[in-house]
$ cat run-v4.txt   # compact mmCIF, N, CA and C atoms
# COMPACT_ATOMS: atom_id res chain seq x y z
N MET H 96 -37.33 -34.55 -67.53
CA MET H 96 -38.47 -33.77 -67.12
C MET H 96 -38.60 -32.47 -67.89
N ILE H 97 -37.65 -32.22 -68.74
CA ILE H 97 -37.78 -31.04 -69.59
C ILE H 97 -39.02 -31.17 -70.47
N THR H 98 -39.44 -32.40 -70.72
CA THR H 98 -40.67 -32.64 -71.48
C THR H 98 -41.87 -32.04 -70.77
N THR H 99 -41.86 -32.08 -69.45
CA THR H 99 -42.95 -31.48 -68.67
C THR H 99 -43.07 -30.00 -69.01
N TYR H 100 -41.94 -29.32 -69.04
CA TYR H 100 -41.92 -27.90 -69.40
C TYR H 100 -42.42 -27.71 -70.83
N GLU H 101 -41.89 -28.50 -71.74
CA GLU H 101 -42.24 -28.35 -73.15
C GLU H 101 -43.72 -28.62 -73.42
N GLU H 102 -44.29 -29.61 -72.76
CA GLU H 102 -45.71 -29.90 -72.93
C GLU H 102 -46.57 -28.74 -72.42
N GLY H 103 -46.16 -28.14 -71.31
CA GLY H 103 -46.88 -26.98 -70.80
C GLY H 103 -46.84 -25.81 -71.77
N VAL H 104 -45.67 -25.56 -72.31
CA VAL H 104 -45.50 -24.45 -73.26
C VAL H 104 -46.41 -24.63 -74.47
N LYS H 105 -46.52 -25.87 -74.95
CA LYS H 105 -47.40 -26.14 -76.09
C LYS H 105 -48.84 -25.73 -75.82
N ARG H 106 -49.21 -25.71 -74.54
CA ARG H 106 -50.58 -25.37 -74.15
C ARG H 106 -50.68 -23.96 -73.56
N GLY H 107 -49.62 -23.18 -73.70
CA GLY H 107 -49.66 -21.80 -73.23
C GLY H 107 -49.30 -21.61 -71.77
N TYR H 108 -48.71 -22.61 -71.15
CA TYR H 108 -48.29 -22.54 -69.74
C TYR H 108 -46.76 -22.52 -69.71
N TYR H 109 -46.20 -21.52 -69.07
CA TYR H 109 -44.76 -21.34 -69.03
C TYR H 109 -44.25 -21.45 -67.59
N PRO H 110 -43.98 -22.66 -67.13
CA PRO H 110 -43.52 -22.86 -65.75
C PRO H 110 -42.05 -22.50 -65.58
N THR H 111 -41.75 -21.22 -65.57
CA THR H 111 -40.36 -20.76 -65.56
C THR H 111 -39.64 -21.13 -64.26
N TYR H 112 -40.34 -21.09 -63.13
CA TYR H 112 -39.70 -21.46 -61.86
C TYR H 112 -39.27 -22.93 -61.91
N PHE H 113 -40.12 -23.78 -62.46
CA PHE H 113 -39.81 -25.20 -62.61
C PHE H 113 -38.58 -25.37 -63.49
N LEU H 114 -38.52 -24.65 -64.59
CA LEU H 114 -37.38 -24.74 -65.50
C LEU H 114 -36.09 -24.29 -64.79
N GLN H 115 -36.17 -23.23 -64.01
CA GLN H 115 -35.02 -22.77 -63.25
C GLN H 115 -34.54 -23.84 -62.27
N MET H 116 -35.50 -24.49 -61.61
CA MET H 116 -35.14 -25.55 -60.68
C MET H 116 -34.44 -26.70 -61.41
N LEU H 117 -34.93 -27.05 -62.58
CA LEU H 117 -34.31 -28.13 -63.35
C LEU H 117 -32.86 -27.80 -63.69
N TYR H 118 -32.63 -26.58 -64.15
CA TYR H 118 -31.28 -26.18 -64.52
C TYR H 118 -30.36 -26.09 -63.31
N GLN H 119 -30.91 -25.64 -62.20
CA GLN H 119 -30.11 -25.46 -61.00
C GLN H 119 -29.85 -26.77 -60.25
N HIS H 120 -30.85 -27.64 -60.16
CA HIS H 120 -30.74 -28.82 -59.31
C HIS H 120 -30.79 -30.15 -60.06
N GLY H 121 -31.17 -30.14 -61.32
CA GLY H 121 -31.34 -31.39 -62.05
C GLY H 121 -32.72 -31.98 -61.79
N GLY H 122 -33.07 -32.97 -62.57
CA GLY H 122 -34.42 -33.54 -62.50
C GLY H 122 -34.74 -34.25 -61.21
N VAL H 123 -33.85 -35.10 -60.75
CA VAL H 123 -34.13 -35.89 -59.55
C VAL H 123 -34.25 -34.99 -58.33
N GLU H 124 -33.30 -34.08 -58.16
CA GLU H 124 -33.35 -33.20 -56.99
C GLU H 124 -34.56 -32.26 -57.05
N THR H 125 -34.91 -31.79 -58.23
CA THR H 125 -36.11 -30.96 -58.38
C THR H 125 -37.34 -31.74 -57.94
N ALA H 126 -37.46 -32.97 -58.40
CA ALA H 126 -38.60 -33.81 -58.00
C ALA H 126 -38.62 -34.01 -56.50
N LYS H 127 -37.49 -34.31 -55.91
CA LYS H 127 -37.41 -34.52 -54.46
C LYS H 127 -37.84 -33.27 -53.70
N ARG H 128 -37.41 -32.12 -54.16
CA ARG H 128 -37.77 -30.86 -53.49
C ARG H 128 -39.28 -30.60 -53.59
N LEU H 129 -39.84 -30.85 -54.77
CA LEU H 129 -41.28 -30.62 -54.94
C LEU H 129 -42.10 -31.60 -54.11
N LEU H 130 -41.66 -32.83 -54.03
CA LEU H 130 -42.39 -33.83 -53.25
C LEU H 130 -42.24 -33.61 -51.75
N ALA H 131 -41.16 -32.97 -51.33
CA ALA H 131 -40.94 -32.71 -49.90
C ALA H 131 -41.93 -31.68 -49.36
N LYS H 132 -42.45 -30.85 -50.24
CA LYS H 132 -43.45 -29.87 -49.84
C LYS H 132 -44.78 -30.60 -49.78
N ARG H 133 -45.38 -30.64 -48.64
CA ARG H 133 -46.58 -31.46 -48.45
C ARG H 133 -47.82 -30.92 -49.15
N GLU H 134 -47.80 -29.64 -49.49
CA GLU H 134 -48.96 -29.11 -50.20
C GLU H 134 -48.78 -29.35 -51.70
N VAL H 135 -49.88 -29.52 -52.38
CA VAL H 135 -49.84 -29.72 -53.82
C VAL H 135 -49.39 -28.43 -54.48
N GLN H 136 -48.46 -28.55 -55.39
CA GLN H 136 -47.89 -27.39 -56.06
C GLN H 136 -48.85 -26.82 -57.11
N SER H 137 -48.79 -25.52 -57.29
CA SER H 137 -49.66 -24.88 -58.27
C SER H 137 -49.37 -25.39 -59.68
N GLY H 138 -48.13 -25.76 -59.94
CA GLY H 138 -47.77 -26.30 -61.26
C GLY H 138 -48.49 -27.61 -61.55
N LEU H 139 -48.61 -28.46 -60.53
CA LEU H 139 -49.34 -29.72 -60.71
C LEU H 139 -50.81 -29.43 -60.99
N MET H 140 -51.36 -28.47 -60.30
CA MET H 140 -52.76 -28.12 -60.53
C MET H 140 -52.95 -27.58 -61.95
N ARG H 141 -51.99 -26.81 -62.43
CA ARG H 141 -52.10 -26.27 -63.78
C ARG H 141 -52.00 -27.39 -64.82
N LEU H 142 -51.11 -28.35 -64.59
CA LEU H 142 -51.02 -29.50 -65.50
C LEU H 142 -52.33 -30.30 -65.47
N TYR H 143 -52.92 -30.41 -64.31
CA TYR H 143 -54.23 -31.08 -64.19
C TYR H 143 -55.27 -30.37 -65.05
N GLU H 144 -55.32 -29.06 -64.94
CA GLU H 144 -56.28 -28.26 -65.70
C GLU H 144 -56.07 -28.42 -67.21
N LEU H 145 -54.83 -28.60 -67.60
CA LEU H 145 -54.50 -28.73 -69.02
C LEU H 145 -54.58 -30.18 -69.51
N GLY H 146 -54.91 -31.10 -68.62
CA GLY H 146 -54.97 -32.51 -68.99
C GLY H 146 -53.60 -33.13 -69.22
N LEU H 147 -52.60 -32.64 -68.49
CA LEU H 147 -51.22 -33.09 -68.68
C LEU H 147 -50.64 -33.79 -67.45
N LEU H 148 -51.46 -34.42 -66.65
CA LEU H 148 -50.93 -35.09 -65.46
C LEU H 148 -49.90 -36.15 -65.81
N GLY H 149 -50.04 -36.77 -66.96
CA GLY H 149 -49.08 -37.78 -67.39
C GLY H 149 -47.69 -37.22 -67.65
N SER H 150 -47.58 -35.92 -67.76
CA SER H 150 -46.29 -35.27 -67.96
C SER H 150 -45.76 -34.63 -66.67
N SER H 151 -46.45 -34.85 -65.57
CA SER H 151 -46.06 -34.22 -64.31
C SER H 151 -44.87 -34.92 -63.67
N VAL H 152 -44.20 -34.21 -62.78
CA VAL H 152 -43.10 -34.78 -62.01
C VAL H 152 -43.59 -36.02 -61.28
N GLU H 153 -44.78 -35.94 -60.70
CA GLU H 153 -45.34 -37.06 -59.95
C GLU H 153 -45.49 -38.30 -60.83
N ALA H 154 -45.90 -38.11 -62.07
CA ALA H 154 -46.06 -39.24 -62.98
C ALA H 154 -44.70 -39.87 -63.32
N TYR H 155 -43.68 -39.05 -63.45
CA TYR H 155 -42.34 -39.59 -63.71
C TYR H 155 -41.84 -40.38 -62.51
N VAL H 156 -42.07 -39.87 -61.32
CA VAL H 156 -41.58 -40.52 -60.10
C VAL H 156 -42.12 -41.94 -59.95
N ILE H 157 -43.36 -42.16 -60.34
CA ILE H 157 -43.94 -43.49 -60.15
C ILE H 157 -43.70 -44.43 -61.34
N LYS H 158 -43.09 -43.94 -62.41
CA LYS H 158 -42.77 -44.81 -63.54
C LYS H 158 -41.71 -45.81 -63.10
N GLU H 159 -41.92 -47.06 -63.49
CA GLU H 159 -40.99 -48.13 -63.10
C GLU H 159 -39.54 -47.77 -63.43
N ARG H 160 -39.35 -47.14 -64.54
CA ARG H 160 -38.01 -46.77 -65.01
C ARG H 160 -37.26 -45.88 -64.03
N TYR H 161 -37.99 -45.05 -63.28
CA TYR H 161 -37.36 -44.06 -62.40
C TYR H 161 -37.54 -44.36 -60.91
N GLN H 162 -38.29 -45.39 -60.58
CA GLN H 162 -38.62 -45.66 -59.18
C GLN H 162 -37.39 -45.80 -58.28
N SER H 163 -36.33 -46.37 -58.79
CA SER H 163 -35.15 -46.60 -57.95
C SER H 163 -34.46 -45.30 -57.52
N LEU H 164 -34.80 -44.21 -58.17
CA LEU H 164 -34.19 -42.92 -57.83
C LEU H 164 -34.86 -42.24 -56.64
N PHE H 165 -36.00 -42.79 -56.22
CA PHE H 165 -36.79 -42.14 -55.18
C PHE H 165 -37.08 -43.09 -54.03
N THR H 166 -37.30 -42.51 -52.87
CA THR H 166 -37.64 -43.33 -51.70
C THR H 166 -39.08 -43.81 -51.80
N GLU H 167 -39.41 -44.77 -50.99
CA GLU H 167 -40.79 -45.27 -50.94
C GLU H 167 -41.74 -44.14 -50.57
N GLU H 168 -41.33 -43.30 -49.63
CA GLU H 168 -42.18 -42.18 -49.20
C GLU H 168 -42.42 -41.19 -50.34
N GLU H 169 -41.39 -40.92 -51.12
CA GLU H 169 -41.53 -40.00 -52.26
C GLU H 169 -42.46 -40.60 -53.31
N ARG H 170 -42.31 -41.87 -53.57
CA ARG H 170 -43.20 -42.53 -54.54
C ARG H 170 -44.63 -42.55 -54.04
N GLN H 171 -44.82 -42.78 -52.76
CA GLN H 171 -46.17 -42.77 -52.20
C GLN H 171 -46.79 -41.38 -52.28
N GLU H 172 -46.01 -40.36 -52.00
CA GLU H 172 -46.51 -38.98 -52.08
C GLU H 172 -46.93 -38.66 -53.51
N ALA H 173 -46.10 -39.02 -54.47
CA ALA H 173 -46.43 -38.77 -55.88
C ALA H 173 -47.71 -39.51 -56.26
N HIS H 174 -47.81 -40.77 -55.86
CA HIS H 174 -48.99 -41.58 -56.18
C HIS H 174 -50.24 -40.97 -55.54
N GLN H 175 -50.14 -40.56 -54.31
CA GLN H 175 -51.29 -39.98 -53.61
C GLN H 175 -51.77 -38.70 -54.30
N ARG H 176 -50.85 -37.85 -54.68
CA ARG H 176 -51.23 -36.60 -55.36
C ARG H 176 -51.96 -36.89 -56.66
N LEU H 177 -51.43 -37.83 -57.42
CA LEU H 177 -52.07 -38.19 -58.69
C LEU H 177 -53.44 -38.84 -58.46
N GLU H 178 -53.50 -39.67 -57.45
CA GLU H 178 -54.78 -40.34 -57.14
C GLU H 178 -55.84 -39.31 -56.76
N GLU H 179 -55.47 -38.33 -55.95
CA GLU H 179 -56.42 -37.29 -55.53
C GLU H 179 -56.93 -36.48 -56.72
N LEU H 180 -56.17 -36.43 -57.78
CA LEU H 180 -56.58 -35.68 -58.97
C LEU H 180 -57.23 -36.58 -60.02
N GLY H 181 -57.46 -37.84 -59.66
CA GLY H 181 -58.16 -38.75 -60.55
C GLY H 181 -57.35 -39.34 -61.68
N TYR H 182 -56.05 -39.32 -61.54
CA TYR H 182 -55.16 -39.80 -62.60
C TYR H 182 -55.37 -41.27 -62.93
N PHE H 183 -55.68 -42.07 -61.92
CA PHE H 183 -55.79 -43.52 -62.12
C PHE H 183 -57.19 -43.99 -62.46
N SER H 184 -58.16 -43.12 -62.39
CA SER H 184 -59.52 -43.55 -62.71
C SER H 184 -59.72 -43.55 -64.23
N GLY H 185 -60.46 -44.52 -64.69
CA GLY H 185 -60.64 -44.68 -66.13
C GLY H 185 -61.70 -43.81 -66.62

$ encode --input "run-v4.txt" --output "structure tokens"
Amino acid sequence: MITTYEEGVKRGYYPTYFLQMLYQHGGVETAKRLLAKREVQSGLMRLYELGLLGSSVEAYVIKERYQSLFTEEERQEAHQRLEELGYFSG
């Protein structure tokens, strides 16, 4: 998920709190903590504004490669957030 940070930086967005969480808790625990908060995070909204939803924590959570690391509820939450932002519409 460090790629999420790096993609933001390329576009002038510096999610330092997110980076701190990654270093302190690791990627999986950071994702779990963000998904446990029922409100949409400002970082996700900023990635949406920058056209970077594909680099979001939520996008990683629903990738087949990482699905086994998360509960069904966490995957559903990630999917719902992305769906509300139009990630799946063509």

$ residues_around --input "run-v4.txt" --residues "Thr98 in chain H" --least-positions-apart "3" --cutoff "8 Å" --atoms "all atoms listed in the file" --output "PDB file with N, CA and C atoms, in the coordinates of the input"
ATOM      1  N   GLU H 101     -41.890 -28.500 -71.740  1.00  0.00           N
ATOM      2  CA  GLU H 101     -42.240 -28.350 -73.150  1.00  0.00           C
ATOM      3  C   GLU H 101     -43.720 -28.620 -73.420  1.00  0.00           C
ATOM      4  N   GLU H 102     -44.290 -29.610 -72.760  1.00  0.00           N
ATOM      5  CA  GLU H 102     -45.710 -29.900 -72.930  1.00  0.00           C
ATOM      6  C   GLU H 102     -46.570 -28.740 -72.420  1.00  0.00           C
ATOM      7  N   GLY H 103     -46.160 -28.140 -71.310  1.00  0.00           N
ATOM      8  CA  GLY H 103     -46.880 -26.980 -70.800  1.00  0.00           C
ATOM      9  C   GLY H 103     -46.840 -25.810 -71.770  1.00  0.00           C
ATOM     10  N   VAL H 104     -45.670 -25.560 -72.310  1.00  0.00           N
ATOM     11  CA  VAL H 104     -45.500 -24.450 -73.260  1.00  0.00           C
ATOM     12  C   VAL H 104     -46.410 -24.630 -74.470  1.00  0.00           C
ATOM     13  N   SER H 150     -47.580 -35.920 -67.760  1.00  0.00           N
ATOM     14  CA  SER H 150     -46.290 -35.270 -67.960  1.00  0.00           C
ATOM     15  C   SER H 150     -45.760 -34.630 -66.670  1.00  0.00           C
ATOM     16  N   SER H 151     -46.450 -34.850 -65.570  1.00  0.00           N
ATOM     17  CA  SER H 151     -46.060 -34.220 -64.310  1.00  0.00           C
ATOM     18  C   SER H 151     -44.870 -34.920 -63.670  1.00  0.00           C
TER      19      SER H 151
END

$ residues_around --input "run-v4.txt" --residues "Glu153 in chain H" --least-positions-apart "6" --cutoff "7 Å" --atoms "only N, CA and C atoms" --output "list in words"
Glu172, Ala173, His174 and Leu177 of chain H

$ residues_around --input "run-v4.txt" --residues "Val123 in chain H" --least-positions-apart "5" --cutoff "12 Å" --atoms "only C-alpha atoms" --output "short mmCIF file (atom, residue, chain, number, x, y, z; two decimals) with N, CA and C atoms, in the frame of the given file"
data_model
loop_
_atom_site.label_atom_id
_atom_site.label_comp_id
_atom_site.auth_asym_id
_atom_site.auth_seq_id
_atom_site.Cartn_x
_atom_site.Cartn_y
_atom_site.Cartn_z
N MET H 96 -37.33 -34.55 -67.53
CA MET H 96 -38.47 -33.77 -67.12
C MET H 96 -38.60 -32.47 -67.89
N ILE H 97 -37.65 -32.22 -68.74
CA ILE H 97 -37.78 -31.04 -69.59
C ILE H 97 -39.02 -31.17 -70.47
N MET H 116 -35.50 -24.49 -61.61
CA MET H 116 -35.14 -25.55 -60.68
C MET H 116 -34.44 -26.70 -61.41
N LEU H 117 -34.93 -27.05 -62.58
CA LEU H 117 -34.31 -28.13 -63.35
C LEU H 117 -32.86 -27.80 -63.69
N TYR H 118 -32.63 -26.58 -64.15
CA TYR H 118 -31.28 -26.18 -64.52
C TYR H 118 -30.36 -26.09 -63.31
N ARG H 128 -37.41 -32.12 -54.16
CA ARG H 128 -37.77 -30.86 -53.49
C ARG H 128 -39.28 -30.60 -53.59
N LEU H 129 -39.84 -30.85 -54.77
CA LEU H 129 -41.28 -30.62 -54.94
C LEU H 129 -42.10 -31.60 -54.11
N LEU H 130 -41.66 -32.83 -54.03
CA LEU H 130 -42.39 -33.83 -53.25
C LEU H 130 -42.24 -33.61 -51.75
N VAL H 152 -44.20 -34.21 -62.78
CA VAL H 152 -43.10 -34.78 -62.01
C VAL H 152 -43.59 -36.02 -61.28
N GLU H 153 -44.78 -35.94 -60.70
CA GLU H 153 -45.34 -37.06 -59.95
C GLU H 153 -45.49 -38.30 -60.83
N TYR H 155 -43.68 -39.05 -63.45
CA TYR H 155 -42.34 -39.59 -63.71
C TYR H 155 -41.84 -40.38 -62.51
N VAL H 156 -42.07 -39.87 -61.32
CA VAL H 156 -41.58 -40.52 -60.10
C VAL H 156 -42.12 -41.94 -59.95
N TYR H 161 -37.99 -45.05 -63.28
CA TYR H 161 -37.36 -44.06 -62.40
C TYR H 161 -37.54 -44.36 -60.91
N GLN H 162 -38.29 -45.39 -60.58
CA GLN H 162 -38.62 -45.66 -59.18
C GLN H 162 -37.39 -45.80 -58.28
N SER H 163 -36.33 -46.37 -58.79
CA SER H 163 -35.15 -46.60 -57.95
C SER H 163 -34.46 -45.30 -57.52
N LEU H 164 -34.80 -44.21 -58.17
CA LEU H 164 -34.19 -42.92 -57.83
C LEU H 164 -34.86 -42.24 -56.64
N PHE H 165 -36.00 -42.79 -56.22
CA PHE H 165 -36.79 -42.14 -55.18
C PHE H 165 -37.08 -43.09 -54.03
N THR H 166 -37.30 -42.51 -52.87
CA THR H 166 -37.64 -43.33 -51.70
C THR H 166 -39.08 -43.81 -51.80
N GLU H 169 -41.39 -40.92 -51.12
CA GLU H 169 -41.53 -40.00 -52.26
C GLU H 169 -42.46 -40.60 -53.31
#

$ atom_distance --input "run-v4.txt" --atom1 "CA of Gln136 in chain H" --atom2 "atom C of Gln175 in chain H"
12.1 Å

$ atom_distance --input "run-v4.txt" --atom1 "CA of Arg106 in chain H" --atom2 "atom N of Tyr143 in chain H"
11.3 Å
